[in-house]
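Coordinates from target_16.pdb are shown below (PDB, C-alpha atoms).
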ATOM      1  CA  MET U 178    -120.139 -88.511 -87.139
ATOM      2  CA  LEU U 179    -117.955 -85.609 -88.153
ATOM      3  CA  ILE U 180    -114.620 -84.170 -86.982
ATOM      4  CA  ARG U 181    -113.940 -80.454 -87.291
ATOM      5  CA  PHE U 182    -110.377 -79.163 -86.883
ATOM      6  CA  VAL U 183    -109.569 -75.448 -86.533
ATOM      7  CA  LEU U 184    -106.136 -73.875 -86.091
ATOM      8  CA  TRP U 185    -104.917 -70.302 -85.657
ATOM      9  CA  ASN U 186    -101.440 -68.833 -85.876
ATOM     10  CA  LEU U 187    -101.373 -66.401 -82.950
ATOM     11  CA  ALA U 188     -98.178 -64.590 -84.024
ATOM     12  CA  ASP U 189    -100.234 -61.853 -85.711
ATOM     13  CA  SER U 190    -103.272 -62.036 -83.428
ATOM     14  CA  LYS U 191    -104.696 -59.914 -80.609
ATOM     15  CA  THR U 192    -104.085 -62.514 -77.869
ATOM     16  CA  THR U 193    -101.714 -65.092 -76.379
ATOM     17  CA  ILE U 194    -101.968 -68.747 -75.398
ATOM     18  CA  GLU U 195    -102.018 -67.753 -71.710
ATOM     19  CA  GLU U 196    -104.967 -65.405 -72.268
ATOM     20  CA  LEU U 197    -106.803 -68.136 -74.178
ATOM     21  CA  ARG U 198    -106.167 -70.598 -71.323
ATOM     22  CA  ARG U 199    -107.850 -68.151 -68.946
ATOM     23  CA  TYR U 200    -110.754 -67.916 -71.362
ATOM     24  CA  LEU U 201    -111.061 -71.730 -71.311
ATOM     25  CA  ARG U 202    -111.085 -71.891 -67.518
ATOM     26  CA  ASP U 203    -113.419 -68.941 -67.023
ATOM     27  CA  GLU U 204    -115.916 -69.378 -69.876
ATOM     28  CA  SER U 205    -115.455 -71.666 -72.812
ATOM     29  CA  VAL U 206    -115.235 -75.123 -71.262
ATOM     30  CA  ASP U 207    -118.458 -74.612 -69.319
ATOM     31  CA  GLU U 208    -120.232 -73.176 -72.357
ATOM     32  CA  PHE U 209    -119.275 -76.093 -74.607
ATOM     33  CA  SER U 210    -120.190 -78.738 -72.023
ATOM     34  CA  SER U 211    -123.867 -78.372 -72.939
ATOM     35  CA  VAL U 212    -123.722 -77.949 -76.736
ATOM     36  CA  GLU U 213    -126.258 -80.282 -78.339
ATOM     37  CA  GLY U 214    -124.671 -82.896 -80.600
ATOM     38  CA  LEU U 215    -121.070 -82.231 -79.515
ATOM     39  CA  ARG U 216    -119.591 -85.528 -78.313
ATOM     40  CA  PHE U 217    -116.049 -84.280 -77.578
ATOM     41  CA  LYS U 218    -113.937 -81.152 -77.886
ATOM     42  CA  ALA U 219    -110.218 -80.784 -77.257
ATOM     43  CA  TRP U 220    -108.486 -77.420 -77.351
ATOM     44  CA  VAL U 221    -104.875 -77.691 -78.521
ATOM     45  CA  SER U 222    -101.828 -75.425 -78.517
ATOM     46  CA  ASP U 223     -98.167 -75.288 -79.437
ATOM     47  CA  ALA U 224     -96.456 -72.453 -77.566
ATOM     48  CA  SER U 225     -93.210 -72.768 -79.540
ATOM     49  CA  THR U 226     -95.007 -72.015 -82.831
ATOM     50  CA  GLU U 227     -97.752 -69.791 -81.324
ATOM     51  CA  ARG U 228    -100.572 -71.977 -82.616
ATOM     52  CA  TRP U 229    -103.968 -72.571 -81.023
ATOM     53  CA  GLY U 230    -106.875 -74.673 -82.151
ATOM     54  CA  ALA U 231    -109.551 -77.213 -81.412
ATOM     55  CA  VAL U 232    -110.797 -80.627 -82.468
ATOM     56  CA  TYR U 233    -114.550 -81.260 -82.312
ATOM     57  CA  LEU U 234    -116.334 -84.594 -82.587
ATOM     58  CA  TRP U 235    -119.948 -84.080 -83.691
ATOM     59  CA  GLU U 236    -122.773 -86.626 -83.727
ATOM     60  CA  THR U 237    -124.040 -85.336 -87.086
ATOM     61  CA  ALA U 238    -123.136 -82.844 -89.796
ATOM     62  CA  GLU U 239    -126.292 -80.911 -88.876
ATOM     63  CA  ALA U 240    -125.118 -80.545 -85.267
ATOM     64  CA  ALA U 241    -121.740 -79.284 -86.522
ATOM     65  CA  ARG U 242    -123.456 -76.504 -88.492
ATOM     66  CA  GLN U 243    -125.210 -74.901 -85.503
ATOM     67  CA  PRO U 244    -124.083 -71.441 -84.337
ATOM     68  CA  LEU U 245    -121.705 -71.658 -81.383
ATOM     69  CA  GLN U 246    -121.396 -69.301 -78.436
ATOM     70  CA  SER U 247    -117.638 -68.825 -78.605
ATOM     71  CA  ARG U 248    -115.554 -65.677 -78.258
ATOM     72  CA  ALA U 249    -112.378 -67.282 -79.624
ATOM     73  CA  ARG U 250    -112.543 -65.488 -82.985
ATOM     74  CA  GLU U 251    -113.198 -62.194 -81.195
ATOM     75  CA  LEU U 252    -110.287 -62.686 -78.778
ATOM     76  CA  ILE U 253    -107.907 -63.812 -81.517
ATOM     77  CA  GLY U 254    -109.120 -61.169 -83.961
ATOM     78  CA  LYS U 255    -109.492 -63.308 -87.068
ATOM     79  CA  ASP U 256    -110.971 -66.494 -88.484
ATOM     80  CA  PRO U 257    -108.917 -69.708 -88.165
ATOM     81  CA  ASP U 258    -106.037 -70.153 -90.593
ATOM     82  CA  ILE U 259    -107.160 -73.763 -91.040
ATOM     83  CA  ALA U 260    -110.748 -75.009 -90.704
ATOM     84  CA  GLU U 261    -111.443 -78.483 -92.053
ATOM     85  CA  GLU U 262    -114.054 -81.204 -91.588
ATOM     86  CA  PHE U 263    -113.696 -84.954 -91.944
ATOM     87  CA  ASP U 264    -116.053 -87.911 -91.853
ATOM     88  CA  VAL U 265    -115.330 -90.304 -88.986
ATOM     89  CA  GLU U 266    -114.487 -93.784 -90.266
ATOM     90  CA  ALA U 267    -114.181 -95.530 -86.888
ATOM     91  CA  THR U 268    -113.712 -94.793 -83.189
ATOM     92  CA  ILE U 269    -112.367 -96.555 -80.105
ATOM     93  CA  GLU U 270    -112.033 -95.751 -76.452
ATOM     94  CA  GLY U 271    -108.683 -96.677 -74.973
ATOM     95  CA  ALA U 272    -108.322 -99.088 -72.063
ATOM     96  CA  PHE U 273    -107.431 -96.412 -69.505
ATOM     97  CA  GLU U 274    -108.796 -96.028 -66.016
ATOM     98  CA  LEU U 275    -109.563 -92.307 -66.179
ATOM     99  CA  GLU U 276    -112.211 -90.874 -63.918
ATOM    100  CA  GLU U 277    -113.362 -88.654 -66.799
ATOM    101  CA  LEU U 278    -111.900 -86.631 -69.645
ATOM    102  CA  SER U 279    -113.557 -83.328 -68.745
ATOM    103  CA  ARG U 280    -111.375 -80.506 -67.469
ATOM    104  CA  LEU U 281    -107.997 -82.104 -68.094
ATOM    105  CA  GLY U 282    -105.047 -80.240 -69.646
ATOM    106  CA  LEU U 283    -102.736 -77.271 -69.222
ATOM    107  CA  ALA U 284    -105.535 -74.731 -68.726
ATOM    108  CA  PHE U 285    -106.566 -76.541 -65.525
ATOM    109  CA  GLU U 286    -103.109 -77.274 -64.122
ATOM    110  CA  GLN U 287    -102.622 -73.775 -62.718
TER     111      GLN U 287
END

Can the structure in the file be given as structure tokens, please?
Amino acid sequence: MLIRFVLWNLADSKTTIEELRRYLRDESVDEFSSVEGLRFKAWVSDASTERWGAVYLWETAEAARQPLQSRARELIGKDPDIAEEFDVEATIEGAFELEELSRLGLAFEQ
């Protein structure tokens, strides 16, 4: 398994966190829900520092290398400031009674 972490500084970009949240709701979440080999993806933000990014959990390194149908780079106007990959050493699932993890977060609270 492999983790990929990407992070943009939006201060000098073509978009805002609010515009990217709309993109998540309208396009991106649905598109990523059927990507082969992607076990989990979380989009992250920090409005106070104008940062936006994502954490991906891939089944294999090969799955992580596939081309993705994402307009994030186009909307932001540049490649991520940070893009790193890590091997997964261990995983757990917490003891929470959640119905499911899909479609949780600020982008869906509006």

Residues matched by the PyMOL selection byres ((chain U and resi 259) around 10) as JSON, numbers by chain: {"U": [182, 183, 184, 185, 186, 230, 256, 257, 258, 260, 261]}

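Counting from CA of Tyr233 in chain U, the distance to CA of Ile253 in chain U is 18.7 Å.
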
Test item: residues at most 8 Å from Trp220 in chain U, only C-alpha atoms, excluding those fewer than 4 positions along its chain, as a ChimeraX atom specification: /U:229-232

From U:Ser205, U:Glu251, U:Ser222, U:Val265, residue lying nearest Trp235 in chain U [only C-alpha atoms]: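 Selected residue with least distance to Trp235 in chain U: U:Val265.
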
d(CA of Gln246 in chain U, CA of Ile269 in chain U) in Å: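 Atom-to-atom, CA of Gln246 in chain U to CA of Ile269 in chain U, that is 28.8 Å.
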
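When all atoms listed in the file are used to measure the gap to Arg198 in chain U, the shortest distance among U:Ala267, U:Leu283, U:Ala224, U:Ala238 belongs to U:Leu283.
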
Residue IDs satisfying the PyMOL selection byres ((chain U and resi 190) around 9), as a list in words: Trp185, Asn186, Leu187, Ala188, Asp189, Lys191, Thr192, Thr193, Leu252, Ile253, Gly254 and Lys255 of chain U

Among the residues U:Phe209, U:Phe263, U:Phe217, U:Phe273, the one that comes closest to Arg181 in chain U [using all atoms listed in the file]: U:Phe263

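Of the listed residues U:Leu215, U:Ser247, U:Glu195, U:Asp203, the one whose atoms come nearest to Arg228 in chain U is U:Glu195, with distances taken using all atoms listed in the file.
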
Please write out, as AutoDock Vina command-line options, where the centre of an axis-aligned box around all listed atoms of range 201-219 of chain U lies and how long its edges are, in Å to one decimal, after adding 5 Å on each side.
--center_x -118.2 --center_y -77.2 --center_z -73.8 --size_x 26.0 --size_y 26.6 --size_z 23.6

From U:Ala272, U:Ile180, U:Leu245, U:Ile194, residue lying nearest Ser211 in chain U [all atoms listed in the file]: U:Leu245

Two-atom distance - CA of Arg199 in chain U, CA of Lys218 in chain U (Å):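 Between CA of Arg199 in chain U and CA of Lys218 in chain U the gap works out to 16.9 Å.
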
Minimum-distance residue to Glu204 in chain U, chosen among U:Ser279, U:Leu179, U:Asp264, U:Arg248 (using all atoms listed in the file):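 Nearest candidate to Glu204 in chain U out of U:Ser279, U:Leu179, U:Asp264, U:Arg248: U:Arg248.
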
My structure is short of atoms at range 255-266 of chain U; please model all heavy atoms there, returning them as a PDB file, in the coordinates of the input.
ATOM      1  N   LYS U 255    -109.403 -62.845 -85.677  1.00  0.00           N
ATOM      2  CA  LYS U 255    -109.492 -63.308 -87.068  1.00  0.00           C
ATOM      3  C   LYS U 255    -110.101 -64.698 -87.096  1.00  0.00           C
ATOM      4  O   LYS U 255    -110.189 -65.374 -86.074  1.00  0.00           O
ATOM      5  CB  LYS U 255    -108.116 -63.329 -87.729  1.00  0.00           C
ATOM      6  CG  LYS U 255    -107.134 -64.293 -87.069  1.00  0.00           C
ATOM      7  CD  LYS U 255    -105.785 -64.281 -87.777  1.00  0.00           C
ATOM      8  CE  LYS U 255    -104.851 -65.310 -87.167  1.00  0.00           C
ATOM      9  NZ  LYS U 255    -103.621 -65.439 -87.929  1.00  0.00           N
ATOM     10  N   ASP U 256    -110.495 -65.130 -88.293  1.00  0.00           N
ATOM     11  CA  ASP U 256    -110.971 -66.494 -88.484  1.00  0.00           C
ATOM     12  C   ASP U 256    -109.783 -67.453 -88.423  1.00  0.00           C
ATOM     13  O   ASP U 256    -108.622 -67.037 -88.599  1.00  0.00           O
ATOM     14  CB  ASP U 256    -111.658 -66.628 -89.843  1.00  0.00           C
ATOM     15  CG  ASP U 256    -113.028 -65.967 -89.869  1.00  0.00           C
ATOM     16  OD1 ASP U 256    -113.637 -65.803 -88.788  1.00  0.00           O
ATOM     17  OD2 ASP U 256    -113.481 -65.614 -90.970  1.00  0.00           O
ATOM     18  N   PRO U 257    -110.028 -68.746 -88.207  1.00  0.00           N
ATOM     19  CA  PRO U 257    -108.917 -69.708 -88.165  1.00  0.00           C
ATOM     20  C   PRO U 257    -108.156 -69.730 -89.485  1.00  0.00           C
ATOM     21  O   PRO U 257    -108.718 -69.520 -90.559  1.00  0.00           O
ATOM     22  CB  PRO U 257    -109.609 -71.054 -87.931  1.00  0.00           C
ATOM     23  CG  PRO U 257    -110.991 -70.750 -87.526  1.00  0.00           C
ATOM     24  CD  PRO U 257    -111.330 -69.388 -88.020  1.00  0.00           C
ATOM     25  N   ASP U 258    -106.862 -69.989 -89.393  1.00  0.00           N
ATOM     26  CA  ASP U 258    -106.037 -70.153 -90.593  1.00  0.00           C
ATOM     27  C   ASP U 258    -106.365 -71.464 -91.289  1.00  0.00           C
ATOM     28  O   ASP U 258    -106.257 -71.567 -92.508  1.00  0.00           O
ATOM     29  CB  ASP U 258    -104.549 -70.098 -90.221  1.00  0.00           C
ATOM     30  CG  ASP U 258    -104.181 -68.746 -89.633  1.00  0.00           C
ATOM     31  OD1 ASP U 258    -104.288 -67.744 -90.360  1.00  0.00           O
ATOM     32  OD2 ASP U 258    -103.815 -68.702 -88.440  1.00  0.00           O
ATOM     33  N   ILE U 259    -106.746 -72.462 -90.511  1.00  0.00           N
ATOM     34  CA  ILE U 259    -107.160 -73.763 -91.040  1.00  0.00           C
ATOM     35  C   ILE U 259    -108.485 -74.122 -90.395  1.00  0.00           C
ATOM     36  O   ILE U 259    -108.634 -74.022 -89.177  1.00  0.00           O
ATOM     37  CB  ILE U 259    -106.120 -74.861 -90.724  1.00  0.00           C
ATOM     38  CG1 ILE U 259    -104.791 -74.545 -91.390  1.00  0.00           C
ATOM     39  CG2 ILE U 259    -106.628 -76.237 -91.145  1.00  0.00           C
ATOM     40  CD1 ILE U 259    -103.653 -75.442 -90.951  1.00  0.00           C
ATOM     41  N   ALA U 260    -109.456 -74.532 -91.194  1.00  0.00           N
ATOM     42  CA  ALA U 260    -110.748 -75.009 -90.704  1.00  0.00           C
ATOM     43  C   ALA U 260    -111.192 -76.112 -91.660  1.00  0.00           C
ATOM     44  O   ALA U 260    -111.526 -75.844 -92.805  1.00  0.00           O
ATOM     45  CB  ALA U 260    -111.778 -73.894 -90.656  1.00  0.00           C
ATOM     46  N   GLU U 261    -111.129 -77.348 -91.188  1.00  0.00           N
ATOM     47  CA  GLU U 261    -111.443 -78.483 -92.053  1.00  0.00           C
ATOM     48  C   GLU U 261    -112.372 -79.450 -91.337  1.00  0.00           C
ATOM     49  O   GLU U 261    -112.375 -79.535 -90.111  1.00  0.00           O
ATOM     50  CB  GLU U 261    -110.163 -79.201 -92.475  1.00  0.00           C
ATOM     51  CG  GLU U 261    -109.234 -78.317 -93.282  1.00  0.00           C
ATOM     52  CD  GLU U 261    -108.061 -79.062 -93.878  1.00  0.00           C
ATOM     53  OE1 GLU U 261    -108.036 -80.305 -93.830  1.00  0.00           O
ATOM     54  OE2 GLU U 261    -107.163 -78.389 -94.387  1.00  0.00           O
ATOM     55  N   GLU U 262    -113.147 -80.192 -92.127  1.00  0.00           N
ATOM     56  CA  GLU U 262    -114.054 -81.204 -91.588  1.00  0.00           C
ATOM     57  C   GLU U 262    -113.768 -82.536 -92.251  1.00  0.00           C
ATOM     58  O   GLU U 262    -113.408 -82.592 -93.433  1.00  0.00           O
ATOM     59  CB  GLU U 262    -115.511 -80.799 -91.834  1.00  0.00           C
ATOM     60  CG  GLU U 262    -115.914 -79.586 -91.051  1.00  0.00           C
ATOM     61  CD  GLU U 262    -117.358 -79.190 -91.263  1.00  0.00           C
ATOM     62  OE1 GLU U 262    -118.010 -79.708 -92.187  1.00  0.00           O
ATOM     63  OE2 GLU U 262    -117.839 -78.344 -90.485  1.00  0.00           O
ATOM     64  N   PHE U 263    -113.960 -83.604 -91.470  1.00  0.00           N
ATOM     65  CA  PHE U 263    -113.696 -84.954 -91.944  1.00  0.00           C
ATOM     66  C   PHE U 263    -114.802 -85.875 -91.471  1.00  0.00           C
ATOM     67  O   PHE U 263    -115.307 -85.733 -90.349  1.00  0.00           O
ATOM     68  CB  PHE U 263    -112.360 -85.482 -91.375  1.00  0.00           C
ATOM     69  CG  PHE U 263    -111.176 -84.637 -91.723  1.00  0.00           C
ATOM     70  CD1 PHE U 263    -110.782 -83.593 -90.902  1.00  0.00           C
ATOM     71  CD2 PHE U 263    -110.449 -84.891 -92.874  1.00  0.00           C
ATOM     72  CE1 PHE U 263    -109.686 -82.814 -91.219  1.00  0.00           C
ATOM     73  CE2 PHE U 263    -109.343 -84.118 -93.202  1.00  0.00           C
ATOM     74  CZ  PHE U 263    -108.969 -83.075 -92.374  1.00  0.00           C
ATOM     75  N   ASP U 264    -115.161 -86.844 -92.296  1.00  0.00           N
ATOM     76  CA  ASP U 264    -116.053 -87.911 -91.853  1.00  0.00           C
ATOM     77  C   ASP U 264    -115.274 -88.825 -90.918  1.00  0.00           C
ATOM     78  O   ASP U 264    -114.075 -89.047 -91.102  1.00  0.00           O
ATOM     79  CB  ASP U 264    -116.548 -88.729 -93.049  1.00  0.00           C
ATOM     80  CG  ASP U 264    -117.471 -87.926 -93.951  1.00  0.00           C
ATOM     81  OD1 ASP U 264    -118.251 -87.107 -93.432  1.00  0.00           O
ATOM     82  OD2 ASP U 264    -117.401 -88.121 -95.181  1.00  0.00           O
ATOM     83  N   VAL U 265    -115.955 -89.367 -89.915  1.00  0.00           N
ATOM     84  CA  VAL U 265    -115.330 -90.304 -88.986  1.00  0.00           C
ATOM     85  C   VAL U 265    -115.526 -91.712 -89.531  1.00  0.00           C
ATOM     86  O   VAL U 265    -116.651 -92.150 -89.751  1.00  0.00           O
ATOM     87  CB  VAL U 265    -115.932 -90.174 -87.574  1.00  0.00           C
ATOM     88  CG1 VAL U 265    -115.363 -91.235 -86.650  1.00  0.00           C
ATOM     89  CG2 VAL U 265    -115.678 -88.778 -87.025  1.00  0.00           C
ATOM     90  N   GLU U 266    -114.443 -92.423 -89.735  1.00  0.00           N
ATOM     91  CA  GLU U 266    -114.487 -93.784 -90.266  1.00  0.00           C
ATOM     92  C   GLU U 266    -114.660 -94.832 -89.162  1.00  0.00           C
ATOM     93  O   GLU U 266    -115.310 -95.840 -89.370  1.00  0.00           O
ATOM     94  CB  GLU U 266    -113.210 -94.084 -91.060  1.00  0.00           C
ATOM     95  CG  GLU U 266    -113.024 -93.191 -92.273  1.00  0.00           C
ATOM     96  CD  GLU U 266    -114.041 -93.433 -93.371  1.00  0.00           C
ATOM     97  OE1 GLU U 266    -114.650 -94.524 -93.409  1.00  0.00           O
ATOM     98  OE2 GLU U 266    -114.248 -92.526 -94.196  1.00  0.00           O
TER      99      GLU U 266
END
